[in-house]
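Chemist: My file is final.pdb. It has PDB, C-alpha atoms:
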MODEL        1
ATOM      1  CA  MET Z   1     -14.888  -4.675  13.722
ATOM      2  CA  SER Z   2     -17.808  -2.315  14.057
ATOM      3  CA  SER Z   3     -15.454   0.674  14.399
ATOM      4  CA  MET Z   4     -15.055   0.705  10.604
ATOM      5  CA  ARG Z   5     -18.776   0.638   9.862
ATOM      6  CA  ASP Z   6     -19.814   3.443   7.518
ATOM      7  CA  LYS Z   7     -16.173   4.506   7.095
ATOM      8  CA  VAL Z   8     -14.845   5.007   3.567
ATOM      9  CA  VAL Z   9     -11.484   3.457   2.725
ATOM     10  CA  VAL Z  10      -9.589   4.241  -0.489
ATOM     11  CA  VAL Z  11      -6.934   1.768  -1.667
ATOM     12  CA  THR Z  12      -4.600   2.400  -4.603
ATOM     13  CA  GLY Z  13      -3.373  -0.720  -6.372
ATOM     14  CA  GLY Z  14      -6.304  -2.622  -4.932
ATOM     15  CA  SER Z  15      -6.374  -5.482  -7.409
ATOM     16  CA  GLY Z  16      -2.864  -6.762  -6.576
ATOM     17  CA  GLY Z  17      -2.239  -9.528  -4.075
ATOM     18  CA  ILE Z  18      -1.642  -7.311  -1.040
ATOM     19  CA  GLY Z  19      -4.103  -4.628  -2.158
ATOM     20  CA  ALA Z  20      -6.917  -7.125  -2.659
ATOM     21  CA  ALA Z  21      -6.351  -8.585   0.805
ATOM     22  CA  ILE Z  22      -6.500  -5.078   2.290
ATOM     23  CA  CYS Z  23      -9.763  -4.361   0.447
ATOM     24  CA  ARG Z  24     -11.313  -7.577   1.751
ATOM     25  CA  GLU Z  25     -10.105  -6.941   5.304
ATOM     26  CA  PHE Z  26     -11.664  -3.481   5.488
ATOM     27  CA  ALA Z  27     -14.878  -4.599   3.782
ATOM     28  CA  GLN Z  28     -15.232  -7.427   6.304
ATOM     29  CA  ALA Z  29     -14.775  -4.845   9.057
ATOM     30  CA  GLY Z  30     -17.750  -2.888   7.733
ATOM     31  CA  ALA Z  31     -16.045  -0.203   5.642
ATOM     32  CA  GLN Z  32     -17.047   0.979   2.194
ATOM     33  CA  VAL Z  33     -14.024   0.313  -0.010
ATOM     34  CA  GLN Z  34     -13.022   2.256  -3.110
ATOM     35  CA  PHE Z  35      -9.994   0.861  -4.920
ATOM     36  CA  SER Z  36      -7.987   1.633  -8.035
ATOM     37  CA  TRP Z  37      -6.490  -0.809 -10.508
ATOM     38  CA  ARG Z  38      -4.051  -0.412 -13.391
ATOM     39  CA  SER Z  39      -4.491  -3.276 -15.868
ATOM     40  CA  ASP Z  40      -6.167  -6.349 -14.362
ATOM     41  CA  GLU Z  41      -9.785  -5.614 -15.234
ATOM     42  CA  ALA Z  42     -10.943  -9.189 -14.692
ATOM     43  CA  GLY Z  43      -9.276  -9.331 -11.283
ATOM     44  CA  ALA Z  44     -10.750  -5.984 -10.292
ATOM     45  CA  LYS Z  45     -14.266  -7.084 -11.261
ATOM     46  CA  GLU Z  46     -13.886 -10.345  -9.363
ATOM     47  CA  LEU Z  47     -12.606  -8.543  -6.273
ATOM     48  CA  LEU Z  48     -15.388  -5.966  -6.349
ATOM     49  CA  ALA Z  49     -18.077  -8.609  -6.765
ATOM     50  CA  GLY Z  50     -16.727 -10.615  -3.839
ATOM     51  CA  LEU Z  51     -16.396  -7.833  -1.277
ATOM     52  CA  PRO Z  52     -18.863  -8.254   1.595
ATOM     53  CA  GLY Z  53     -21.181  -5.365   2.410
ATOM     54  CA  SER Z  54     -22.174  -2.518   0.143
ATOM     55  CA  GLY Z  55     -21.018   0.876  -1.103
ATOM     56  CA  HIS Z  56     -17.854  -0.447  -2.732
ATOM     57  CA  GLY Z  57     -16.439   0.792  -6.029
ATOM     58  CA  SER Z  58     -13.399   0.639  -8.285
ATOM     59  CA  ARG Z  59     -11.708   2.909 -10.797
ATOM     60  CA  ARG Z  60      -9.092   2.259 -13.424
ATOM     61  CA  LEU Z  61      -6.165   4.661 -13.135
ATOM     62  CA  THR Z  62      -2.435   4.903 -12.651
ATOM     63  CA  VAL Z  63      -1.141   6.849  -9.677
ATOM     64  CA  GLU Z  64       1.310   8.627 -11.987
ATOM     65  CA  ASP Z  65      -1.737  10.427 -13.442
ATOM     66  CA  THR Z  66      -2.290  13.308 -11.025
ATOM     67  CA  PRO Z  67      -5.426  14.662 -12.783
ATOM     68  CA  ALA Z  68      -6.962  11.172 -12.604
ATOM     69  CA  LEU Z  69      -6.297  11.052  -8.857
ATOM     70  CA  ALA Z  70      -7.954  14.457  -8.428
ATOM     71  CA  ALA Z  71     -10.964  13.266 -10.436
ATOM     72  CA  TRP Z  72     -11.180  10.128  -8.314
ATOM     73  CA  ALA Z  73     -11.106  12.151  -5.088
ATOM     74  CA  ALA Z  74     -13.894  14.361  -6.447
ATOM     75  CA  GLU Z  75     -15.896  11.246  -7.351
ATOM     76  CA  VAL Z  76     -15.493   9.794  -3.855
ATOM     77  CA  ALA Z  77     -16.506  13.127  -2.331
ATOM     78  CA  ARG Z  78     -19.596  13.288  -4.532
ATOM     79  CA  ASP Z  79     -20.691   9.687  -4.147
ATOM     80  CA  ARG Z  80     -19.572   8.845  -0.598
ATOM     81  CA  GLY Z  81     -19.137  12.242   1.038
ATOM     82  CA  ARG Z  82     -16.020  11.281   2.978
ATOM     83  CA  CYS Z  83     -12.691   9.457   3.021
ATOM     84  CA  ASP Z  84     -11.466   8.161   6.362
ATOM     85  CA  VAL Z  85      -8.506   6.014   5.315
ATOM     86  CA  LEU Z  86      -6.174   6.129   2.310
ATOM     87  CA  VAL Z  87      -3.955   3.093   1.712
ATOM     88  CA  ASN Z  88      -1.164   3.653  -0.811
ATOM     89  CA  CYS Z  89      -0.562   0.144  -2.110
ATOM     90  CA  ALA Z  90       0.209   0.791  -5.786
ATOM     91  CA  GLY Z  91       3.787  -0.084  -6.600
ATOM     92  CA  ILE Z  92       6.002  -1.552  -9.282
ATOM     93  CA  THR Z  93       9.400  -3.162  -9.580
ATOM     94  CA  ARG Z  94      11.493  -5.443 -11.747
ATOM     95  CA  PHE Z  95      14.338  -7.746 -10.809
ATOM     96  CA  VAL Z  96      17.734  -6.240 -11.646
ATOM     97  CA  PRO Z  97      20.937  -7.507  -9.985
ATOM     98  CA  HIS Z  98      22.264  -4.772  -7.709
ATOM     99  CA  ALA Z  99      25.747  -4.915  -9.216
ATOM    100  CA  ASP Z 100      24.451  -4.547 -12.782
ATOM    101  CA  LEU Z 101      24.312  -0.756 -12.881
ATOM    102  CA  ASP Z 102      23.806  -0.586 -16.635
ATOM    103  CA  ALA Z 103      20.697  -2.795 -16.514
ATOM    104  CA  LEU Z 104      19.041  -0.335 -14.119
ATOM    105  CA  ASP Z 105      18.423   2.247 -16.818
ATOM    106  CA  ASP Z 106      17.073   5.753 -16.342
ATOM    107  CA  ALA Z 107      13.631   4.880 -17.699
ATOM    108  CA  LEU Z 108      13.099   2.120 -15.127
ATOM    109  CA  ILE Z 109      14.402   4.298 -12.297
ATOM    110  CA  ASP Z 110      12.006   7.092 -13.219
ATOM    111  CA  GLU Z 111       9.078   4.692 -13.562
ATOM    112  CA  ILE Z 112       9.710   3.175 -10.138
ATOM    113  CA  PHE Z 113       9.923   6.551  -8.413
ATOM    114  CA  ARG Z 114       6.910   7.943 -10.298
ATOM    115  CA  THR Z 115       4.776   5.075  -9.038
ATOM    116  CA  ASN Z 116       6.240   4.128  -5.666
ATOM    117  CA  TRP Z 117       6.984   7.613  -4.321
ATOM    118  CA  ARG Z 118       5.387  10.351  -6.388
ATOM    119  CA  GLY Z 119       2.185   8.368  -6.867
ATOM    120  CA  ALA Z 120       1.763   7.917  -3.124
ATOM    121  CA  PHE Z 121       2.434  11.598  -2.489
ATOM    122  CA  ALA Z 122       0.006  12.635  -5.231
ATOM    123  CA  ALA Z 123      -2.706  10.406  -3.769
ATOM    124  CA  VAL Z 124      -2.274  12.013  -0.340
ATOM    125  CA  ARG Z 125      -2.389  15.443  -1.973
ATOM    126  CA  ALA Z 126      -5.604  14.573  -3.815
ATOM    127  CA  PHE Z 127      -7.429  13.064  -0.825
ATOM    128  CA  ARG Z 128      -6.080  15.368   1.880
ATOM    129  CA  PRO Z 129      -9.188  17.622   2.050
ATOM    130  CA  LEU Z 130     -11.484  14.623   2.564
ATOM    131  CA  LEU Z 131      -9.139  12.988   5.074
ATOM    132  CA  ALA Z 132      -8.770  16.217   7.056
ATOM    133  CA  ALA Z 133     -12.522  16.856   7.041
ATOM    134  CA  SER Z 134     -13.091  13.626   8.944
ATOM    135  CA  GLY Z 135     -10.953  14.986  11.798
ATOM    136  CA  ASP Z 136      -9.490  11.523  12.215
ATOM    137  CA  GLY Z 137      -7.991  10.741   8.820
ATOM    138  CA  LEU Z 138      -5.399   8.057   8.270
ATOM    139  CA  VAL Z 139      -2.856   7.381   5.522
ATOM    140  CA  VAL Z 140      -1.118   3.996   5.418
ATOM    141  CA  ASN Z 141       1.767   3.680   2.975
ATOM    142  CA  ILE Z 142       2.678   0.113   2.022
ATOM    143  CA  SER Z 143       6.452   0.126   2.189
ATOM    144  CA  SER Z 144       8.973  -2.719   2.282
ATOM    145  CA  VAL Z 145      11.755  -4.012   4.477
ATOM    146  CA  ALA Z 146      13.912  -3.350   1.386
ATOM    147  CA  GLY Z 147      13.827   0.326   2.319
ATOM    148  CA  VAL Z 148      15.732  -0.506   5.512
ATOM    149  CA  THR Z 149      17.958  -3.402   4.498
ATOM    150  CA  GLY Z 150      18.895  -2.238   0.996
ATOM    151  CA  MET Z 151      18.170  -5.774  -0.211
ATOM    152  CA  GLY Z 152      15.375  -6.173  -2.719
ATOM    153  CA  SER Z 153      14.417  -6.522  -6.362
ATOM    154  CA  ASN Z 154      16.692  -3.675  -7.453
ATOM    155  CA  VAL Z 155      18.553  -0.659  -6.089
ATOM    156  CA  ALA Z 156      15.915   1.840  -7.215
ATOM    157  CA  TYR Z 157      13.097  -0.150  -5.608
ATOM    158  CA  CYS Z 158      14.945  -0.185  -2.273
ATOM    159  CA  ALA Z 159      15.588   3.550  -2.548
ATOM    160  CA  SER Z 160      11.960   4.274  -3.447
ATOM    161  CA  LYS Z 161      10.737   2.509  -0.309
ATOM    162  CA  ALA Z 162      13.274   4.338   1.859
ATOM    163  CA  ALA Z 163      11.984   7.573   0.329
ATOM    164  CA  LEU Z 164       8.405   6.486   1.046
ATOM    165  CA  ASP Z 165       9.275   5.936   4.715
ATOM    166  CA  SER Z 166      10.901   9.366   4.888
ATOM    167  CA  MET Z 167       7.781  10.896   3.335
ATOM    168  CA  THR Z 168       5.672   9.079   5.926
ATOM    169  CA  LYS Z 169       7.562  10.819   8.724
ATOM    170  CA  SER Z 170       7.438  14.234   7.060
ATOM    171  CA  LEU Z 171       3.709  14.073   6.354
ATOM    172  CA  ALA Z 172       2.924  12.619   9.774
ATOM    173  CA  ARG Z 173       4.316  15.796  11.264
ATOM    174  CA  ALA Z 174       2.890  18.151   8.659
ATOM    175  CA  LEU Z 175      -0.677  16.799   8.554
ATOM    176  CA  ALA Z 176      -1.250  16.104  12.243
ATOM    177  CA  PRO Z 177      -3.469  16.237  14.210
ATOM    178  CA  GLU Z 178      -6.242  15.865  11.616
ATOM    179  CA  ILE Z 179      -4.452  13.109   9.669
ATOM    180  CA  ARG Z 180      -2.140  10.351  10.888
ATOM    181  CA  VAL Z 181       0.416   8.898   8.460
ATOM    182  CA  LEU Z 182       2.201   5.560   8.915
ATOM    183  CA  SER Z 183       4.052   2.950   6.882
ATOM    184  CA  VAL Z 184       3.381  -0.765   7.078
ATOM    185  CA  SER Z 185       6.584  -2.452   5.939
ATOM    186  CA  PRO Z 186       6.310  -6.091   4.848
ATOM    187  CA  GLY Z 187       9.035  -8.576   4.184
ATOM    188  CA  LEU Z 188       8.594 -10.888   1.221
ATOM    189  CA  VAL Z 189       4.877 -11.639   0.838
ATOM    190  CA  ASP Z 190       3.660 -14.899  -0.695
ATOM    191  CA  THR Z 191       1.442 -13.362  -3.374
ATOM    192  CA  ASP Z 192       0.533 -15.080  -6.639
ATOM    193  CA  PHE Z 193       3.393 -13.154  -8.255
ATOM    194  CA  VAL Z 194       5.914 -14.511  -5.759
ATOM    195  CA  LYS Z 195       4.420 -18.000  -5.990
ATOM    196  CA  GLY Z 196       5.231 -17.879  -9.714
ATOM    197  CA  LEU Z 197       8.936 -17.273  -9.104
ATOM    198  CA  ASP Z 198      11.620 -19.926  -8.707
ATOM    199  CA  ARG Z 199      10.601 -22.248  -5.872
ATOM    200  CA  HIS Z 200      14.188 -22.743  -4.683
ATOM    201  CA  TRP Z 201      14.617 -18.959  -4.384
ATOM    202  CA  ARG Z 202      11.345 -18.610  -2.434
ATOM    203  CA  ASP Z 203      12.356 -21.375  -0.039
ATOM    204  CA  GLU Z 204      15.760 -19.759   0.418
ATOM    205  CA  GLN Z 205      14.126 -16.427   1.300
ATOM    206  CA  ALA Z 206      11.866 -18.132   3.820
ATOM    207  CA  MET Z 207      14.819 -19.861   5.493
ATOM    208  CA  ARG Z 208      16.628 -16.528   5.793
ATOM    209  CA  THR Z 209      13.729 -15.231   7.889
ATOM    210  CA  PRO Z 210      13.744 -16.136  11.616
ATOM    211  CA  LEU Z 211      10.107 -17.302  11.403
ATOM    212  CA  ARG Z 212      11.100 -19.588   8.499
ATOM    213  CA  ARG Z 213       8.210 -18.602   6.253
ATOM    214  CA  LEU Z 214       6.962 -15.775   4.071
ATOM    215  CA  ALA Z 215       4.169 -13.416   5.058
ATOM    216  CA  SER Z 216       0.664 -13.932   3.710
ATOM    217  CA  PRO Z 217      -1.223 -11.030   2.104
ATOM    218  CA  GLU Z 218      -3.832 -11.416   4.833
ATOM    219  CA  GLU Z 219      -1.229 -10.779   7.534
ATOM    220  CA  ILE Z 220      -0.274  -7.487   5.886
ATOM    221  CA  ALA Z 221      -3.950  -6.549   5.576
ATOM    222  CA  ALA Z 222      -4.536  -7.314   9.262
ATOM    223  CA  ALA Z 223      -1.660  -5.008  10.189
ATOM    224  CA  VAL Z 224      -3.150  -2.185   8.110
ATOM    225  CA  LEU Z 225      -6.565  -2.649   9.713
ATOM    226  CA  SER Z 226      -4.995  -2.649  13.182
ATOM    227  CA  VAL Z 227      -3.464   0.759  12.489
ATOM    228  CA  ALA Z 228      -6.968   2.070  11.803
ATOM    229  CA  THR Z 229      -8.739   0.360  14.693
ATOM    230  CA  VAL Z 230      -6.259  -0.422  17.476
ATOM    231  CA  LEU Z 231      -3.000   1.535  17.142
ATOM    232  CA  ARG Z 232      -4.754   4.859  17.217
ATOM    233  CA  TYR Z 233      -1.976   6.755  18.998
ATOM    234  CA  SER Z 234       0.678   5.668  16.494
ATOM    235  CA  ASN Z 235       1.825   8.267  13.984
ATOM    236  CA  GLY Z 236       4.860   8.736  11.770
ATOM    237  CA  CYS Z 237       6.245   5.278  12.434
ATOM    238  CA  ILE Z 238       7.305   2.376  10.245
ATOM    239  CA  ILE Z 239       5.543  -0.810  11.350
ATOM    240  CA  PRO Z 240       7.476  -3.908  10.239
ATOM    241  CA  VAL Z 241       5.612  -7.082   9.278
ATOM    242  CA  ASP Z 242       8.697  -8.964   8.141
ATOM    243  CA  GLY Z 243       9.136 -12.012  10.366
ATOM    244  CA  GLY Z 244      12.349 -10.509  11.747
ATOM    245  CA  ARG Z 245      14.125 -10.582   8.385
ATOM    246  CA  PRO Z 246      16.559  -7.695   9.181
ATOM    247  CA  LEU Z 247      17.903  -9.734  12.112
ATOM    248  CA  THR Z 248      19.625 -12.282   9.864
TER     249      THR Z 248
ENDMDL
END
Since I need it in another form, could you write the structure as structure tokens?
Modeler:
Amino acid sequence: MSSMRDKVVVVTGGSGGIGAAICREFAQAGAQVQFSWRSDEAGAKELLAGLPGSGHGSRRLTVEDTPALAAWAAEVARDRGRCDVLVNCAGITRFVPHADLDALDDALIDEIFRTNWRGAFAAVRAFRPLLAASGDGLVVNISSVAGVTGMGSNVAYCASKAALDSMTKSLARALAPEIRVLSVSPGLVDTDFVKGLDRHWRDEQAMRTPLRRLASPEEIAAAVLSVATVLRYSNGCIIPVDGGRPLT
């Protein structure tokens, strides 16, 4: 899509399954993509080398590190001169049975909220001046159907995504009209991580979804791109890409 040509798109957590698909989708649409990665250096290098077009870059950081986010925003401003879209894709979780309250210890709860909620907020805070300067800035938070259904990898993860959706609405009001803020909310996505889980469990999750399959990372990426290029009057909403999972 030519509408993204010469636009600069920043993606946190870009080397993960969903993040990498988002980076590729925007690069194919003509954007210059800047993405962060936490630990997978080899994956980040492979992704960067394979992105079509030019002007792409990557940076190792964790979104819990607010000074690192500020430094990254300054680097993007210096090297690219703009930021049109920020996609908050960085996130963590760990499987903990919901009834096992003791297994969901304070350290894990804090880590999940530092990354999934505070990290997204801190990224918006860091890139807000660049996004506002464009006059048509966009923030897309990658949420989860778990924030609505309360079913997911653990109680804290579900709560962190519900908090992310609430933040989306608050910031959509506070930052308009210069910046739109939306959530894209997937169901279970068939990433390499999910492919490595128990096959019976994956099949069971697919059968619990009306469309009888899991989402692909590319389908989530296409939804994010559509928010930037097609759904231009949408703001403050939670866009589900979940195959109708809450209906069952």
Chemist: Excluding range 214-229 of chain Z and its own-chain neighbours fewer than 6 positions away, which residues fall within 10 Å of it when counting all atoms listed in the file? Please give them as a compact mmCIF listing (two decimals) with C-alpha atoms, keeping the file's coordinate frame.
Modeler:
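That gives us out_4.txt:
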# COMPACT_ATOMS: atom_id res chain seq x y z
CA MET Z 1 -14.89 -4.68 13.72
CA SER Z 2 -17.81 -2.32 14.06
CA SER Z 3 -15.45 0.67 14.40
CA MET Z 4 -15.06 0.70 10.60
CA GLY Z 16 -2.86 -6.76 -6.58
CA GLY Z 17 -2.24 -9.53 -4.08
CA ILE Z 18 -1.64 -7.31 -1.04
CA GLY Z 19 -4.10 -4.63 -2.16
CA ALA Z 20 -6.92 -7.12 -2.66
CA ALA Z 21 -6.35 -8.59 0.80
CA ILE Z 22 -6.50 -5.08 2.29
CA CYS Z 23 -9.76 -4.36 0.45
CA ARG Z 24 -11.31 -7.58 1.75
CA GLU Z 25 -10.10 -6.94 5.30
CA PHE Z 26 -11.66 -3.48 5.49
CA ALA Z 29 -14.78 -4.84 9.06
CA ASP Z 84 -11.47 8.16 6.36
CA VAL Z 85 -8.51 6.01 5.32
CA VAL Z 87 -3.96 3.09 1.71
CA ASP Z 136 -9.49 11.52 12.22
CA GLY Z 137 -7.99 10.74 8.82
CA LEU Z 138 -5.40 8.06 8.27
CA VAL Z 139 -2.86 7.38 5.52
CA VAL Z 140 -1.12 4.00 5.42
CA ASN Z 141 1.77 3.68 2.98
CA ILE Z 142 2.68 0.11 2.02
CA ARG Z 180 -2.14 10.35 10.89
CA VAL Z 181 0.42 8.90 8.46
CA LEU Z 182 2.20 5.56 8.91
CA SER Z 183 4.05 2.95 6.88
CA VAL Z 184 3.38 -0.76 7.08
CA SER Z 185 6.58 -2.45 5.94
CA PRO Z 186 6.31 -6.09 4.85
CA GLY Z 187 9.04 -8.58 4.18
CA LEU Z 188 8.59 -10.89 1.22
CA VAL Z 189 4.88 -11.64 0.84
CA ASP Z 190 3.66 -14.90 -0.70
CA THR Z 191 1.44 -13.36 -3.37
CA ASP Z 192 0.53 -15.08 -6.64
CA VAL Z 194 5.91 -14.51 -5.76
CA ARG Z 202 11.34 -18.61 -2.43
CA ASP Z 203 12.36 -21.38 -0.04
CA GLN Z 205 14.13 -16.43 1.30
CA ALA Z 206 11.87 -18.13 3.82
CA MET Z 207 14.82 -19.86 5.49
CA ARG Z 208 16.63 -16.53 5.79
CA ASN Z 235 1.82 8.27 13.98
CA ILE Z 239 5.54 -0.81 11.35
CA PRO Z 240 7.48 -3.91 10.24
CA VAL Z 241 5.61 -7.08 9.28
CA ASP Z 242 8.70 -8.96 8.14
CA GLY Z 243 9.14 -12.01 10.37
CA ARG Z 245 14.12 -10.58 8.38
Chemist: As a check of understanding, name the residues that the PyMOL selection byres ((chain Z and resi 125) around 12) selects in the supplied structure, as a ChimeraX atom specification.
Modeler: /Z:63,66-67,69-70,73,86,88,118-124,126-132,139,171,175
Chemist: Figure out the distance between CA of Thr12 in chain Z and CA of Arg60 in chain Z, please, to one decimal in Å.
Modeler: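 Spanning CA of Arg60 in chain Z to CA of Thr12 in chain Z is a straight-line distance of 9.9 Å.
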Chemist: Determine the residue set returned by the PyMOL selection byres ((chain Z and resi 111-116) around 8) for the present structure, and present it as number ranges by chain.
Modeler: Z: 63-64, 90-93, 107-110, 117-120, 156-157, 160-161, 164
Chemist: Applied to this file, what does the PyMOL selection byres ((chain Z and resi 39-41) around 10) return in terms of residues, put as an MDAnalysis selection string?
Modeler: chainID Z and resid 13 15:16 36:38 42:47 59:62
Chemist: Output C-alpha atoms for every residue in that selection, as a CSV table (one decimal), in the frame of the given file.
Modeler:
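Okay, this is what ended up in again.csv:
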chain,number,residue,atom,x,y,z
Z,13,GLY,CA,-3.4,-0.7,-6.4
Z,15,SER,CA,-6.4,-5.5,-7.4
Z,16,GLY,CA,-2.9,-6.8,-6.6
Z,36,SER,CA,-8.0,1.6,-8.0
Z,37,TRP,CA,-6.5,-0.8,-10.5
Z,38,ARG,CA,-4.1,-0.4,-13.4
Z,42,ALA,CA,-10.9,-9.2,-14.7
Z,43,GLY,CA,-9.3,-9.3,-11.3
Z,44,ALA,CA,-10.8,-6.0,-10.3
Z,45,LYS,CA,-14.3,-7.1,-11.3
Z,46,GLU,CA,-13.9,-10.3,-9.4
Z,47,LEU,CA,-12.6,-8.5,-6.3
Z,59,ARG,CA,-11.7,2.9,-10.8
Z,60,ARG,CA,-9.1,2.3,-13.4
Z,61,LEU,CA,-6.2,4.7,-13.1
Z,62,THR,CA,-2.4,4.9,-12.7
Chemist: One decimal, in Å: what's the spacing between CA of Gly30 in chain Z and CA of Cys89 in chain Z?
Modeler: 20.0 Å
Chemist: Find the residue from Z:Gly81, Z:Gly196, Z:Ser58, Z:Met167 that sits nearest to Asp6 in chain Z; use all atoms listed in the file when measuring.
Modeler: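 Going through Z:Gly81, Z:Gly196, Z:Ser58, Z:Met167 one by one, the smallest distance to Asp6 in chain Z is for Z:Gly81.
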